[in-house]
Every structure is written in C-alpha cells, then in structure tokens.
Amino acid sequence: MPPARSPLISHDLRTPITSIVGYVELALDDEVEPPLDQERRGFLEVVSRSSERLLRLVDDLLFIARLQAGRLVLDPTQLDLCTVAAQSVEEARPRAETKAVTLSFLGSGTVTVEADRGRIFQLLDNLISNAIKFTPGGGRIDVRVVPALDGALLEVSDTGIGLAPAELELVFDRFFRSSRTAAQQTPGTGLGLFIAKQVVEENNGSITVETSSRGTTFVISLPL
C-alpha cells in the first residue's frame with residue numbers, strides 16, 4: 001500500500017467496524033428497553049465477537065503496512081510494566097473465563113521501562129489472546145513481570161498445546177501456523193506472533209520462546 005494513502009485507508013477500514021462494535025455493545029446493554037430475549041442476545045453476541053475479531057485483523061494488517069512502508073511511529077515513555085501488564089490481564093479475563101481458563105498476573109511493585117505504551121498493550125494483547133486460543137479448558141495462563149539488571153523481563157506462559165521442536169525457529173515468521181493448530185482447525189491468520197516480535201524489536205527489546213509438553217512460554221526482555 002502506498003505510504004501516502006495509509007492514513008486514509010486506515011480510517012476507511014477502521015471507522016465502520018468501530019461503529020459496528022459500538023452499536024452492538026449498546027444493543028447488548030442490560031439497561032436498554034425492551035430487554036433482549038436469549039435468542040436475539042445470542043445473535044448479537046456472535047456479531048460482537050466477529051466484529052471485534054475483524055477489527056483486530058484490520059489493526060494487524062495496518063501495522064504490517066506501516067512497518068513495511070517505514071511509517072511506524074513510536075512514542076517511547078517511562079512506564080510501569082507491572083501496571084500495563086495487570087491492566088492487559090484484566091481486559092482479557094472475560095475471554096479466558098469463557099473458555100474456563102485461569103488467567104493470572106504475577107508481579108508486584110514498580111518495574112520501569114522505556115517503551116511505547118500503546119504498542120506494549122498491543123504486544124500483550126497478541127500474546128495473551130494467542131495463549132487463550134491454544135489453551136484447553138481447565139488450563140492456566142500466567143503473565144509475569146520481573147526486574148532484570150538492565151531492564152525488565154515479561155513472561156507469558158500457558159499450559160496449552162505447545163509447539164513441535166522443529167517449529168521454534170519458525171514461530172515468529174509471518175503467516176506461520178503450527179502443525180498442531182492446523183490439526184485442530186483453530187482459526188487464525190498467523191500474524192499475531194510476527195507482530196509481537198516486531199513490536200518488541202521496535203522497542204529495542206528481544207523475545208524468545210520455550211515449549212514443552214506442559215505448554216509454551218514467551219520471554220520478552222525490555223530495556224530500562
């Protein structure tokens with residue numbers, strides 16, 4: 001996409017989807033009269049989930065377009081990583097509870113890093129959403145923040161299906177989807193982890209992945 005057209009296309013893509021999400025939320029409000037019956041509420045909840053998924057996909061594609069065009073702008077500031085991670089966990093908790101997955105934040109105190117606040121939220125949303133998607137009911141996801149000598153470590157671990165050892169070098173490639181994901185016919189574009197890696201590197205950090213029969217852990221190092 002030509003760089004000059006990116007803002008216009010971004011607006012044209014996001015505005016109608018955001019409008020749909022907003023009006024569906026209003027329609028699902030319990031205080032709206034007359035109240036919805038269960039059948040219509042179920043229909044609207046499907047629309048809500050689908051439009052939110054579409055909005056995330058559009059955001060992902062626009063992120064890649066800006067990155068490729070050299071137009072990705074960051075606003076690094078001093079931020080408390082614990083605060084950002086805890087908020088991300090709270091926002092994702094309803095999605096985890098829908099799958100009967102326990103989602104916890106493990107951290108305390110203040111851990112300061114210099115990074116773009118919005119992009120760190122995007123990073124966490126991608127990693128947590130990915131973990132929820134691939135963790136069966138009854139499993140758990142832990143998000144940890146710990147101080148390090150030259151910055152901070154952010155970890156997102158799950159008890160999900162894990163990765164095959166041969167796939168570890170491919171997991172951050174664009175459009176990569178693991179063989180286990182394909183076998184379970186789990187929906188997805190294969191962009192989430194590619195974008196996570198780009199966000200980390202644009203914020204001067206690094207990301208690695210560890211996997212075993214007990215699940216997967218992503219470890220992110222961010223500078224002071």
# chains A, B, ... in the order shown; residues from 1 in each chain; ligands from 1

$ residues_around --residues "region 91-96 of chain A" --least-positions-apart "6" --cutoff "10 Å" --atoms "only C-alpha atoms" --output "list of chain:residue names"
A:Ala85, A:Thr102, A:Leu103, A:Ser104, A:Leu124, A:Asp125, A:Ile128, A:Ser129, A:Ala131, A:Ile132, A:Lys133, A:Thr135, A:Gly137, A:Gly139, A:Arg140, A:Ile141

$ select_by_dssp --residues "region 41-202 of chain A" --states "strand (DSSP E)" --output "count of residues only"
32

$ residues_around --residues "Leu67 (chain A)" --least-positions-apart "3" --cutoff "10 Å" --atoms "only C-alpha atoms" --output "CSV table (one decimal) with all heavy atoms, in the first residue's frame"
chain,number,residue,atom,x,y,z
A,61,LEU,N,-3.1,-5.9,10.0
A,61,LEU,CA,-2.7,-5.6,8.6
A,61,LEU,C,-2.2,-4.2,8.4
A,61,LEU,O,-1.2,-4.0,7.7
A,61,LEU,CB,-3.9,-5.9,7.7
A,61,LEU,CG,-4.4,-7.4,7.6
A,61,LEU,CD1,-5.7,-7.4,6.7
A,61,LEU,CD2,-3.3,-8.2,7.0
A,62,LEU,N,-2.8,-3.3,9.1
A,62,LEU,CA,-2.4,-1.9,9.1
A,62,LEU,C,-1.0,-1.7,9.7
A,62,LEU,O,-0.2,-0.9,9.3
A,62,LEU,CB,-3.4,-0.9,9.7
A,62,LEU,CG,-4.7,-0.8,8.9
A,62,LEU,CD1,-5.8,0.0,9.7
A,62,LEU,CD2,-4.5,-0.1,7.6
A,63,PHE,N,-0.8,-2.4,10.8
A,63,PHE,CA,0.5,-2.4,11.5
A,63,PHE,C,1.6,-2.9,10.5
A,63,PHE,O,2.6,-2.2,10.4
A,63,PHE,CB,0.5,-3.3,12.7
A,63,PHE,CG,1.8,-3.4,13.4
A,63,PHE,CD1,2.2,-2.5,14.4
A,63,PHE,CD2,2.7,-4.4,13.0
A,63,PHE,CE1,3.4,-2.7,15.0
A,63,PHE,CE2,3.9,-4.5,13.7
A,63,PHE,CZ,4.3,-3.7,14.7
A,64,ILE,N,1.3,-4.0,9.8
A,64,ILE,CA,2.3,-4.5,8.9
A,64,ILE,C,2.5,-3.5,7.7
A,64,ILE,O,3.7,-3.3,7.3
A,64,ILE,CB,1.9,-5.9,8.3
A,64,ILE,CG1,1.9,-6.9,9.5
A,64,ILE,CG2,2.8,-6.4,7.2
A,64,ILE,CD1,1.3,-8.2,9.1
A,70,GLY,N,7.8,1.9,6.4
A,70,GLY,CA,8.7,2.8,7.2
A,70,GLY,C,8.0,3.9,7.9
A,70,GLY,O,8.6,4.9,8.2
A,71,ARG,N,6.7,3.7,8.1
A,71,ARG,CA,5.8,4.8,8.7
A,71,ARG,C,5.4,4.4,10.1
A,71,ARG,O,4.5,5.1,10.6
A,71,ARG,CB,4.6,5.1,7.8
A,71,ARG,CG,5.0,5.6,6.4
A,71,ARG,CD,3.8,5.8,5.6
A,71,ARG,NE,2.9,6.8,6.2
A,71,ARG,CZ,2.9,8.1,5.9
A,71,ARG,NH1,3.8,8.6,5.1
A,71,ARG,NH2,2.0,8.9,6.5
A,72,LEU,N,5.9,3.4,10.7
A,72,LEU,CA,5.6,3.1,12.1
A,72,LEU,C,6.2,4.0,13.0
A,72,LEU,O,7.4,4.1,13.1
A,72,LEU,CB,6.0,1.6,12.4
A,72,LEU,CG,5.6,1.1,13.8
A,72,LEU,CD1,4.1,1.0,13.8
A,72,LEU,CD2,6.2,-0.3,14.0
A,73,VAL,N,5.4,4.8,13.7
A,73,VAL,CA,5.9,5.8,14.6
A,73,VAL,C,5.7,5.4,16.1
A,73,VAL,O,4.6,4.9,16.5
A,73,VAL,CB,5.1,7.2,14.4
A,73,VAL,CG1,5.6,8.2,15.4
A,73,VAL,CG2,5.3,7.7,13.0
A,195,ILE,N,3.8,-10.0,14.6
A,195,ILE,CA,3.7,-8.6,15.1
A,195,ILE,C,4.2,-8.4,16.5
A,195,ILE,O,4.9,-7.4,16.7
A,195,ILE,CB,2.2,-8.2,15.1
A,195,ILE,CG1,1.7,-8.1,13.6
A,195,ILE,CG2,1.9,-6.9,15.8
A,195,ILE,CD1,0.2,-7.8,13.4
A,198,GLN,N,7.9,-7.9,16.1
A,198,GLN,CA,8.2,-6.6,15.5
A,198,GLN,C,8.0,-5.5,16.6
A,198,GLN,O,8.9,-4.6,16.7
A,198,GLN,CB,7.3,-6.3,14.3
A,198,GLN,CG,7.4,-7.3,13.2
A,198,GLN,CD,8.8,-7.5,12.7
A,198,GLN,OE1,9.6,-6.5,12.5
A,198,GLN,NE2,9.2,-8.8,12.6
A,199,VAL,N,7.0,-5.6,17.4
A,199,VAL,CA,6.8,-4.6,18.5
A,199,VAL,C,7.9,-4.6,19.5
A,199,VAL,O,8.4,-3.6,19.8
A,199,VAL,CB,5.4,-4.9,19.2
A,199,VAL,CG1,5.3,-4.0,20.5
A,199,VAL,CG2,4.2,-4.6,18.3
A,202,GLU,N,11.1,-3.1,17.8
A,202,GLU,CA,11.0,-1.7,17.6
A,202,GLU,C,11.2,-0.9,18.9
A,202,GLU,O,11.5,0.2,18.9
A,202,GLU,CB,9.6,-1.4,17.0
A,202,GLU,CG,9.4,-1.8,15.5
A,202,GLU,CD,10.3,-1.0,14.6
A,202,GLU,OE1,10.4,0.2,14.8
A,202,GLU,OE2,10.8,-1.6,13.6

$ residues_around --residues "Gly162 (chain A)" --least-positions-apart "4" --cutoff "12 Å" --atoms "only C-alpha atoms" --output "VMD selection string"
chain A and resid 130 to 131 133 to 136 157 to 158 166 to 168 171 178 to 181 209 to 218

$ residues_around --residues "Ala148 (chain A)" --least-positions-apart "6" --cutoff "10 Å" --atoms "only C-alpha atoms" --output "PyMOL selection string"
chain A and resi 111+154+221-224

$ write_last_selection --atoms "N, CA, C and O atoms" --output "PDB file, in the first residue's frame"
ATOM      1  N   VAL A 111       8.058  -1.698  38.083  1.00  0.00           N
ATOM      2  CA  VAL A 111       9.153  -2.110  37.197  1.00  0.00           C
ATOM      3  C   VAL A 111       9.111  -1.172  35.990  1.00  0.00           C
ATOM      4  O   VAL A 111       8.224  -1.269  35.144  1.00  0.00           O
ATOM      5  N   LEU A 154       9.368  -9.786  30.804  1.00  0.00           N
ATOM      6  CA  LEU A 154       7.932 -10.010  30.733  1.00  0.00           C
ATOM      7  C   LEU A 154       7.720 -11.418  30.201  1.00  0.00           C
ATOM      8  O   LEU A 154       8.239 -11.759  29.141  1.00  0.00           O
ATOM      9  N   SER A 221      12.417  -9.359  26.834  1.00  0.00           N
ATOM     10  CA  SER A 221      13.348  -8.506  27.573  1.00  0.00           C
ATOM     11  C   SER A 221      13.211  -7.087  27.050  1.00  0.00           C
ATOM     12  O   SER A 221      13.313  -6.855  25.829  1.00  0.00           O
ATOM     13  N   LEU A 222      12.943  -6.137  27.951  1.00  0.00           N
ATOM     14  CA  LEU A 222      12.809  -4.741  27.576  1.00  0.00           C
ATOM     15  C   LEU A 222      13.825  -3.902  28.330  1.00  0.00           C
ATOM     16  O   LEU A 222      14.103  -4.172  29.505  1.00  0.00           O
ATOM     17  N   PRO A 223      14.382  -2.864  27.697  1.00  0.00           N
ATOM     18  CA  PRO A 223      15.423  -2.068  28.359  1.00  0.00           C
ATOM     19  C   PRO A 223      14.847  -1.097  29.379  1.00  0.00           C
ATOM     20  O   PRO A 223      13.658  -0.761  29.332  1.00  0.00           O
ATOM     21  N   LEU A 224      15.710  -0.627  30.259  1.00  0.00           N
ATOM     22  CA  LEU A 224      15.329   0.389  31.235  1.00  0.00           C
ATOM     23  C   LEU A 224      14.888   1.654  30.527  1.00  0.00           C
ATOM     24  O   LEU A 224      15.443   2.020  29.492  1.00  0.00           O
TER      25      LEU A 224
END

$ select_by_dssp --residues "region 29-161 of chain A" --states "helix (DSSP H, G or I)" --output "number ranges by chain"
A: 38-69, 81-98, 117-133

$ atom_distance --atom1 "CA of Glu114 (chain A)" --atom2 "CA of Asn203 (chain A)"
8.0 Å

$ decode --residues "region 79-205 of chain A" --atoms "C-alpha atoms" --output "mmCIF file, in the first residue's frame"
data_model
loop_
_atom_site.group_PDB
_atom_site.id
_atom_site.type_symbol
_atom_site.label_atom_id
_atom_site.label_comp_id
_atom_site.auth_asym_id
_atom_site.auth_seq_id
_atom_site.Cartn_x
_atom_site.Cartn_y
_atom_site.Cartn_z
ATOM 1 C CA LEU A 79 6.123 3.372 32.040
ATOM 2 C CA ASP A 80 5.439 0.870 34.808
ATOM 3 C CA LEU A 81 5.364 -2.516 33.099
ATOM 4 C CA CYS A 82 3.506 -4.056 36.042
ATOM 5 C CA THR A 83 0.629 -1.592 35.638
ATOM 6 C CA VAL A 84 0.377 -2.190 31.890
ATOM 7 C CA ALA A 85 0.530 -5.991 32.248
ATOM 8 C CA ALA A 86 -2.035 -6.072 35.061
ATOM 9 C CA GLN A 87 -4.460 -3.975 33.008
ATOM 10 C CA SER A 88 -3.976 -6.203 29.964
ATOM 11 C CA VAL A 89 -4.764 -9.276 32.069
ATOM 12 C CA GLU A 90 -7.944 -7.709 33.457
ATOM 13 C CA GLU A 91 -9.146 -6.762 29.983
ATOM 14 C CA ALA A 92 -8.524 -10.290 28.686
ATOM 15 C CA ARG A 93 -10.016 -12.090 31.690
ATOM 16 C CA PRO A 94 -13.591 -12.346 30.289
ATOM 17 C CA ARG A 95 -12.257 -14.122 27.183
ATOM 18 C CA ALA A 96 -10.296 -16.553 29.348
ATOM 19 C CA GLU A 97 -13.277 -17.222 31.605
ATOM 20 C CA THR A 98 -15.412 -18.025 28.563
ATOM 21 C CA LYS A 99 -13.014 -20.941 27.896
ATOM 22 C CA ALA A 100 -12.730 -21.866 31.600
ATOM 23 C CA VAL A 101 -9.042 -20.888 31.533
ATOM 24 C CA THR A 102 -7.434 -19.302 34.609
ATOM 25 C CA LEU A 103 -5.600 -16.072 33.728
ATOM 26 C CA SER A 104 -3.335 -14.515 36.372
ATOM 27 C CA PHE A 105 -0.905 -11.627 36.688
ATOM 28 C CA LEU A 106 2.167 -12.347 38.820
ATOM 29 C CA GLY A 107 4.118 -9.254 39.732
ATOM 30 C CA SER A 108 4.419 -6.551 42.355
ATOM 31 C CA GLY A 109 5.914 -3.158 42.924
ATOM 32 C CA THR A 110 7.054 -0.883 40.120
ATOM 33 C CA VAL A 111 9.153 -2.110 37.197
ATOM 34 C CA THR A 112 10.040 0.799 34.927
ATOM 35 C CA VAL A 113 10.974 0.505 31.256
ATOM 36 C CA GLU A 114 11.139 2.907 28.341
ATOM 37 C CA ALA A 115 8.737 1.848 25.608
ATOM 38 C CA ASP A 116 5.683 2.853 23.599
ATOM 39 C CA ARG A 117 2.732 2.266 25.933
ATOM 40 C CA GLY A 118 0.206 1.553 23.176
ATOM 41 C CA ARG A 119 2.488 -0.925 21.439
ATOM 42 C CA ILE A 120 3.205 -2.774 24.691
ATOM 43 C CA PHE A 121 -0.550 -3.152 25.173
ATOM 44 C CA GLN A 122 -0.719 -4.498 21.606
ATOM 45 C CA LEU A 123 2.112 -6.933 22.358
ATOM 46 C CA LEU A 124 0.393 -8.241 25.480
ATOM 47 C CA ASP A 125 -2.984 -8.500 23.772
ATOM 48 C CA ASN A 126 -1.458 -10.592 20.976
ATOM 49 C CA LEU A 127 0.421 -12.917 23.332
ATOM 50 C CA ILE A 128 -2.454 -13.354 25.800
ATOM 51 C CA SER A 129 -5.022 -13.838 23.017
ATOM 52 C CA ASN A 130 -2.753 -16.434 21.443
ATOM 53 C CA ALA A 131 -2.401 -18.259 24.769
ATOM 54 C CA ILE A 132 -6.175 -18.249 25.353
ATOM 55 C CA LYS A 133 -6.781 -19.600 21.862
ATOM 56 C CA PHE A 134 -4.441 -22.573 22.319
ATOM 57 C CA THR A 135 -5.045 -23.430 25.991
ATOM 58 C CA PRO A 136 -7.780 -26.040 26.625
ATOM 59 C CA GLY A 137 -10.443 -25.515 29.270
ATOM 60 C CA GLY A 138 -9.150 -26.100 32.778
ATOM 61 C CA GLY A 139 -5.702 -24.791 31.844
ATOM 62 C CA ARG A 140 -3.963 -21.652 33.041
ATOM 63 C CA ILE A 141 -2.076 -18.660 31.709
ATOM 64 C CA ASP A 142 0.385 -16.675 33.826
ATOM 65 C CA VAL A 143 1.719 -13.233 32.972
ATOM 66 C CA ARG A 144 4.836 -12.299 34.951
ATOM 67 C CA VAL A 145 6.897 -9.126 35.235
ATOM 68 C CA VAL A 146 10.257 -9.253 36.996
ATOM 69 C CA PRO A 147 13.083 -6.694 37.147
ATOM 70 C CA ALA A 148 16.367 -7.503 35.427
ATOM 71 C CA LEU A 149 19.832 -5.987 35.619
ATOM 72 C CA ASP A 150 19.395 -3.846 32.515
ATOM 73 C CA GLY A 151 15.602 -3.607 32.286
ATOM 74 C CA ALA A 152 12.721 -5.998 32.815
ATOM 75 C CA LEU A 153 11.509 -9.440 31.817
ATOM 76 C CA LEU A 154 7.932 -10.010 30.733
ATOM 77 C CA GLU A 155 6.765 -13.620 30.530
ATOM 78 C CA VAL A 156 3.528 -15.087 29.173
ATOM 79 C CA SER A 157 3.256 -18.822 29.878
ATOM 80 C CA ASP A 158 0.420 -21.236 29.260
ATOM 81 C CA THR A 159 -0.497 -24.890 29.653
ATOM 82 C CA GLY A 160 -1.626 -25.132 26.053
ATOM 83 C CA ILE A 161 -0.858 -27.455 23.170
ATOM 84 C CA GLY A 162 2.740 -26.256 22.766
ATOM 85 C CA LEU A 163 4.907 -26.334 19.662
ATOM 86 C CA ALA A 164 6.855 -29.035 17.903
ATOM 87 C CA PRO A 165 10.628 -28.559 18.498
ATOM 88 C CA ALA A 166 11.235 -28.087 14.772
ATOM 89 C CA GLU A 167 8.799 -25.160 14.724
ATOM 90 C CA LEU A 168 10.611 -22.986 17.273
ATOM 91 C CA GLU A 169 12.680 -21.236 14.589
ATOM 92 C CA LEU A 170 9.563 -20.521 12.508
ATOM 93 C CA VAL A 171 7.118 -19.345 15.159
ATOM 94 C CA PHE A 172 7.753 -15.610 14.568
ATOM 95 C CA ASP A 173 7.524 -15.837 10.777
ATOM 96 C CA ARG A 174 4.687 -14.032 9.069
ATOM 97 C CA PHE A 175 1.634 -16.270 8.478
ATOM 98 C CA PHE A 176 3.226 -19.181 10.353
ATOM 99 C CA ARG A 177 0.745 -21.657 11.827
ATOM 100 C CA SER A 178 1.890 -24.742 13.704
ATOM 101 C CA SER A 179 1.003 -28.246 12.596
ATOM 102 C CA ARG A 180 -0.920 -28.763 15.865
ATOM 103 C CA THR A 181 -3.005 -25.668 15.159
ATOM 104 C CA ALA A 182 -3.837 -26.904 11.683
ATOM 105 C CA ALA A 183 -4.737 -30.354 13.009
ATOM 106 C CA GLN A 184 -7.201 -28.809 15.477
ATOM 107 C CA GLN A 185 -8.570 -26.456 12.799
ATOM 108 C CA THR A 186 -8.059 -23.472 15.101
ATOM 109 C CA PRO A 187 -8.863 -20.211 13.263
ATOM 110 C CA GLY A 188 -6.159 -17.582 12.885
ATOM 111 C CA THR A 189 -4.026 -15.645 10.422
ATOM 112 C CA GLY A 190 -0.537 -16.413 11.718
ATOM 113 C CA LEU A 191 0.183 -12.694 12.177
ATOM 114 C CA GLY A 192 -0.012 -12.336 15.967
ATOM 115 C CA LEU A 193 3.452 -13.603 16.881
ATOM 116 C CA PHE A 194 5.086 -11.923 13.882
ATOM 117 C CA ILE A 195 3.651 -8.607 15.073
ATOM 118 C CA ALA A 196 4.662 -9.340 18.675
ATOM 119 C CA LYS A 197 8.279 -9.783 17.590
ATOM 120 C CA GLN A 198 8.221 -6.575 15.541
ATOM 121 C CA VAL A 199 6.760 -4.599 18.463
ATOM 122 C CA VAL A 200 9.446 -5.909 20.825
ATOM 123 C CA GLU A 201 12.289 -5.163 18.432
ATOM 124 C CA GLU A 202 10.961 -1.695 17.589
ATOM 125 C CA ASN A 203 11.102 -1.029 21.356
ATOM 126 C CA ASN A 204 14.751 -2.198 21.456
ATOM 127 C CA GLY A 205 13.913 -5.468 23.182
#
